[in-house]
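Participant: Okay, handing you the structure first.
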Amino acid sequence: MIAIRGATTVDRDCPEQIKECVKELLLELKDRNNLTSENIICIILSSTSDIRSYYPAKAAREAGFYSVPLFSTSEPDIDGGLKLCIRIMVLAEISTSANAVYLRGATVLRKDITQIYNIALDGPAGSGKSTVSKILGKKLNILCLDTGAMYRACALKCMYEGVSVSDETAVSFIMKNINLEVKYENGEQHTFLDGKDVSADIRKPEISMLASTVSALGCVRGKMVCLQREIAAKTSCILDGRDIGTNVLPNAKYKFYLTASPEVRAKRRVEDNRQKGFVTPYDEILKEIIERDNQDKNRKIAPLLQAKDAILIDSSQMTIDEVVSFIENKIQEKI
C-alpha cells in the first residue's frame with residue numbers, strides 16, 4: 001500500500017468552487033498514478049476551517065468516486081497556515097512510486113515538485129556521485145542526468161574514429177557532427193551514440209582517462225554544456241559532474257560537493273569494476289585516480305572545484321544511504 005498526497009485551494013468558500021477543485025485534483029491524481037477503482041483502498045480528505053459551505057467528501061462522490069471509501073475532516077486553525085485549502089491522501093495498491101499533485105494556490109506547499117529546480121552534485125572520480133544521483137533522482141521523482149556519461153560518449157566517438165583526444169582540431173570536427181542523445185527508459189539514463197545504445201561501452205576502464213582528457217577541450221565542453229543546460233531548463237533534475245555548480249548551472253538552487261579519500265575511492269572503484277566483470281589491481285586504480293584528480297583540478301577550462309555555496313560531503317566514512325539521507329535533509333531545510 002502506498003500513500004499519494006495532493007492539495008488544492010479554492011478562491012472562495014462556495015459549493016461550485018469546492019466541487020470544481022476537488023474533482024480537478026482527484027482526476028489529476030488518478031491520471032498521474034494510473035489509479036482505478038480496483039487499486040484505490042480509500043481516500044482521506046481534509047479542509048481548512050474556513051471551508052464550510054460544502055463537504056469535500058460529497059464533492060468527491062459527485063466527481064465519480066462512488067465505490068471508494070471516503071473519510072473527511074476539518075483541520076484546526078494554524079497561524080500562518082494556507083487558507084481555503086483542501087488536502088487529499090489516496091491510499092492505493094500500486095507498484096510504482098507515488099506522484100503527488102499540488103494545484104492552484106497549494107503549489108506553495110511543495111515547491112520541490114511544483115517548480116523546476118536543479119541539484120548540482122560535483123566531486124572527483126570514484127566519490128559515488130553517479131550512484132547517489134540515481135538514488136536521489138528516484139526518491140525525488142526527478143530526472144538524473146549523468147553528465148560524465150556524455151563526456152565518455154565523446155571519448156568513445158574519438159576512439160571509434162581513431163582520433164587522439166588530445167588533438168583539439170580533429171576532436172572539434174567530430175563535435176560538429178556528433179549524434180549524441182540522452183534518453184530515459186524505465187527510469188534509467190541511456191546514452192546513444194549515432195543511434196546505438198553505448199551505455200555499457202562507455203563504462204569500460206579504458207574510456208575513463210580518455211573522457212577526462214577530452215572533457216578538458218573547449219569544443220567538447222561547449223557542446224555538452226549547451227545540451228545539459230537545455231535539459232535542466234525544461235525539467236527538474238540532478239546533474240553530477242566536475243563543474244556543475246561552478247560552470248554548468250551556477251544558479252542551481254541546491255549544490256553539493258561529494259568527495260572521499262583517494263584510497264577509499266580506489267577501493268570502491270575496484271569493487272565496481274569487479275561487479276562489472278573487470279579485474280583491475282588496486283595500486284593501478286589508486287594511481288589512476290590520483291592522476292585524474294590532478295588532471296581535473298588543473299585543466300584550464302572548467303576545472304574540478306567546489307562551488308563557494310556548495311555543501312561539502314566527505315563520504316570516506318559514510319554509506320551511500322547516509323549520503324543520500326544527508327542531501328535529502330539539506331534540501332528539505334531549504335524548501
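For the C-alpha cells, the naming scheme is as follows: chains receive sequential letters (A, B, ...) according to their order of presentation, residues are indexed from 1 within each chain, and ligands are indexed from 1 in presentation order.
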Near Ala57 (chain A), within 10 Å and counting only C-alpha atoms, which residues show up once chain neighbours fewer than 3 positions away are dropped, as a count of residues only?
Facilitator: 18
Participant: Do you know which residues are at most 8 Å from region 134-148 of chain A counting only C-alpha atoms, after dropping those on the same chain fewer than 4 positions away, and could you put them as a PyMOL selection string?
Facilitator: chain A and resi 99+130+152+187+189+228+235-241+324+328
Participant: Emit the selected residues as an mmCIF file, in the first residue's frame, including N, CA, C and O atoms.
Facilitator:
```cif
data_model
loop_
_atom_site.group_PDB
_atom_site.id
_atom_site.type_symbol
_atom_site.label_atom_id
_atom_site.label_comp_id
_atom_site.auth_asym_id
_atom_site.auth_seq_id
_atom_site.Cartn_x
_atom_site.Cartn_y
_atom_site.Cartn_z
ATOM 1 N N ASN A 99 3.079 9.758 -7.249
ATOM 2 C CA ASN A 99 3.235 11.070 -7.879
ATOM 3 C C ASN A 99 2.268 12.043 -7.223
ATOM 4 O O ASN A 99 1.074 12.025 -7.509
ATOM 5 N N SER A 130 27.520 9.311 -9.176
ATOM 6 C CA SER A 130 26.523 8.697 -10.061
ATOM 7 C C SER A 130 25.531 7.851 -9.283
ATOM 8 O O SER A 130 24.320 7.913 -9.514
ATOM 9 N N ARG A 152 32.010 10.696 -21.664
ATOM 10 C CA ARG A 152 32.534 9.371 -22.010
ATOM 11 C C ARG A 152 32.130 8.990 -23.433
ATOM 12 O O ARG A 152 32.898 8.365 -24.169
ATOM 13 N N GLY A 187 13.176 4.706 -16.088
ATOM 14 C CA GLY A 187 13.814 5.448 -15.010
ATOM 15 C C GLY A 187 15.331 5.462 -15.063
ATOM 16 O O GLY A 187 15.974 6.008 -14.163
ATOM 17 N N GLN A 189 19.007 6.308 -17.251
ATOM 18 C CA GLN A 189 19.562 7.064 -18.366
ATOM 19 C C GLN A 189 20.292 6.126 -19.321
ATOM 20 O O GLN A 189 21.090 5.288 -18.901
ATOM 21 N N GLN A 228 23.337 20.146 -21.744
ATOM 22 C CA GLN A 228 22.956 19.958 -20.345
ATOM 23 C C GLN A 228 22.042 21.086 -19.859
ATOM 24 O O GLN A 228 21.063 20.849 -19.140
ATOM 25 N N THR A 235 13.172 20.771 -17.153
ATOM 26 C CA THR A 235 12.641 19.874 -16.132
ATOM 27 C C THR A 235 13.531 19.841 -14.904
ATOM 28 O O THR A 235 14.730 20.118 -14.990
ATOM 29 N N SER A 236 12.958 19.530 -13.760
ATOM 30 C CA SER A 236 13.746 19.382 -12.540
ATOM 31 C C SER A 236 14.656 18.172 -12.687
ATOM 32 O O SER A 236 14.229 17.114 -13.136
ATOM 33 N N CYS A 237 15.914 18.344 -12.335
ATOM 34 C CA CYS A 237 16.839 17.224 -12.465
ATOM 35 C C CYS A 237 18.041 17.406 -11.561
ATOM 36 O O CYS A 237 18.302 18.494 -11.045
ATOM 37 N N ILE A 238 18.754 16.308 -11.365
ATOM 38 C CA ILE A 238 20.006 16.330 -10.635
ATOM 39 C C ILE A 238 21.123 16.031 -11.617
ATOM 40 O O ILE A 238 21.039 15.090 -12.396
ATOM 41 N N LEU A 239 22.142 16.878 -11.620
ATOM 42 C CA LEU A 239 23.277 16.715 -12.517
ATOM 43 C C LEU A 239 24.527 16.469 -11.693
ATOM 44 O O LEU A 239 24.772 17.179 -10.713
ATOM 45 N N ASP A 240 25.292 15.461 -12.057
ATOM 46 C CA ASP A 240 26.554 15.233 -11.368
ATOM 47 C C ASP A 240 27.702 15.365 -12.343
ATOM 48 O O ASP A 240 27.567 15.067 -13.530
ATOM 49 N N GLY A 241 28.813 15.858 -11.851
ATOM 50 C CA GLY A 241 29.972 16.047 -12.704
ATOM 51 C C GLY A 241 31.120 16.678 -11.945
ATOM 52 O O GLY A 241 31.294 16.440 -10.749
ATOM 53 N N VAL A 324 22.811 9.928 0.875
ATOM 54 C CA VAL A 324 21.509 10.282 0.298
ATOM 55 C C VAL A 324 20.622 10.963 1.338
ATOM 56 O O VAL A 324 20.000 11.995 1.056
ATOM 57 N N GLU A 328 19.093 14.744 1.220
ATOM 58 C CA GLU A 328 17.638 14.925 1.307
ATOM 59 C C GLU A 328 17.283 15.914 2.411
ATOM 60 O O GLU A 328 16.438 16.798 2.226
#
```
Participant: Using only C-alpha atoms, determine which residues lie at most 10 Å from Glu16 (chain A), disregarding the query and same-chain residues fewer than 6 positions distant; provide the list as a list of chain:residue names.
Facilitator: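 Using only C-alpha atoms, the neighbours found are A:Val10, A:Ser53, A:Tyr54, A:Ala59.
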Participant: Ranking A:Arg221, A:Arg32, A:Ile86, A:Pro76 by minimum distance to Asp11 (chain A) and counting only C-alpha atoms, which one comes first?
Facilitator: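 Checking each candidate against Asp11 (chain A), we get A:Ile86 as the closest.
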Participant: Nearest residue to Val270 (chain A) out of A:Val323, A:Leu286, A:Arg292, A:Gln317, using only C-alpha atoms?
Facilitator: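 Residue with the minimum atom-to-atom distance to Val270 (chain A): A:Leu286.
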Participant: Taking the DSSP assignment computed from this structure's backbone, write out as a PyMOL selection string all residues of region 112-196 of chain A that belong to strand (DSSP E or B).
Facilitator: chain A and resi 118-122+143-146+180-185+188-193+196
Participant: Considering only alpha helix (DSSP H) as DSSP defines it on the backbone, what residues of region 14-230 of chain A qualify? List them as a PyMOL selection string.
Facilitator: chain A and resi 15-32+56-62+111-114+129-140+147-161+168-177+205-214+218-230
Participant: For Ser212 (chain A), which residue among A:Ala260, A:Ala153, A:Leu180, A:Val163 is the nearest when counting only C-alpha atoms?
Facilitator: A:Ala153
Participant: Taking only C-alpha atoms into account, name the residue in A:Lys157, A:Tyr257, A:Ser199, A:Pro250 that is nearest to Glu185 (chain A).
Facilitator: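 The shortest atom-to-atom distance to Glu185 (chain A) comes from A:Ser199.
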Participant: Out of A:Gln306, A:Thr9, A:Ser127, A:Ser133, which residue has the shortest atom-to-atom distance to Leu109 (chain A) when counting only C-alpha atoms?
Facilitator: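 The answer is A:Thr9, which sits nearest to Leu109 (chain A).
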Participant: Skip Val225 (chain A) itself and residues of its chain fewer than 6 positions away, then list as number ranges by chain all residues within 10 Å of it, counting only C-alpha atoms.
Facilitator: A: 147, 150, 231, 244, 247-249
Participant: Just checking: using only C-alpha atoms, which residue out of A:Val108, A:Ile41, A:Ala232, A:Leu25 ends up closest to Glu93 (chain A)?
Facilitator: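 Using only C-alpha atoms, Glu93 (chain A) sits closest to A:Ile41.
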Participant: Report, in Å to a single decimal, how far apart CA of Asp112 (chain A) and CA of Cys226 (chain A) are.
Facilitator: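 So the two atoms, CA of Cys226 (chain A) and CA of Asp112 (chain A), lie 24.4 Å apart.
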Participant: Within 8 Å of Asp13 (chain A), counting only C-alpha atoms, which residues qualify if same-chain residues fewer than 5 places away don't, as a tab-separated table (two decimals) with all heavy atoms, in the first residue's frame?
Facilitator:
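Contents of part-v4.tsv, as written:
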```
chain	number	residue	atom	x	y	z
A	18	ILE	N	-15.71	24.43	-4.61
A	18	ILE	CA	-15.25	23.22	-3.94
A	18	ILE	C	-15.42	21.99	-4.83
A	18	ILE	O	-14.52	21.17	-4.97
A	18	ILE	CB	-16.00	23.04	-2.60
A	18	ILE	CG1	-15.65	24.19	-1.65
A	18	ILE	CG2	-15.64	21.69	-1.96
A	18	ILE	CD1	-16.51	24.26	-0.42
A	50	ASP	N	-11.93	27.39	7.24
A	50	ASP	CA	-12.67	28.46	6.54
A	50	ASP	C	-13.48	27.91	5.37
A	50	ASP	O	-14.12	28.68	4.66
A	50	ASP	CB	-11.70	29.56	6.08
A	50	ASP	CG	-10.48	29.02	5.35
A	50	ASP	OD1	-10.44	27.81	5.07
A	50	ASP	OD2	-9.56	29.81	5.07
A	51	ILE	N	-13.46	26.59	5.16
A	51	ILE	CA	-14.31	25.97	4.14
A	51	ILE	C	-15.49	25.30	4.86
A	51	ILE	O	-15.32	24.30	5.55
A	51	ILE	CB	-13.51	24.93	3.32
A	51	ILE	CG1	-12.42	25.64	2.51
A	51	ILE	CG2	-14.43	24.14	2.40
A	51	ILE	CD1	-11.56	24.72	1.68
A	52	ARG	N	-16.67	25.88	4.69
A	52	ARG	CA	-17.84	25.41	5.44
A	52	ARG	C	-19.06	25.14	4.54
A	52	ARG	O	-19.99	24.46	4.95
A	52	ARG	CB	-18.25	26.45	6.49
A	52	ARG	CG	-17.15	26.78	7.50
A	52	ARG	CD	-17.70	27.74	8.57
A	52	ARG	NE	-16.69	28.12	9.52
A	52	ARG	CZ	-15.89	29.17	9.40
A	52	ARG	NH1	-16.02	29.96	8.34
A	52	ARG	NH2	-14.99	29.45	10.32
A	53	SER	N	-19.07	25.67	3.35
A	53	SER	CA	-20.29	25.66	2.54
A	53	SER	C	-20.58	24.30	1.89
A	53	SER	O	-21.72	24.04	1.50
A	53	SER	CB	-20.21	26.74	1.47
A	53	SER	OG	-19.20	26.44	0.52
A	84	LEU	N	-8.21	28.42	2.81
A	84	LEU	CA	-9.09	27.85	1.78
A	84	LEU	C	-8.41	26.68	1.05
A	84	LEU	O	-8.39	26.60	-0.17
A	84	LEU	CB	-9.51	28.93	0.79
A	84	LEU	CG	-10.35	30.07	1.37
A	84	LEU	CD1	-10.49	31.20	0.35
A	84	LEU	CD2	-11.74	29.56	1.79
```
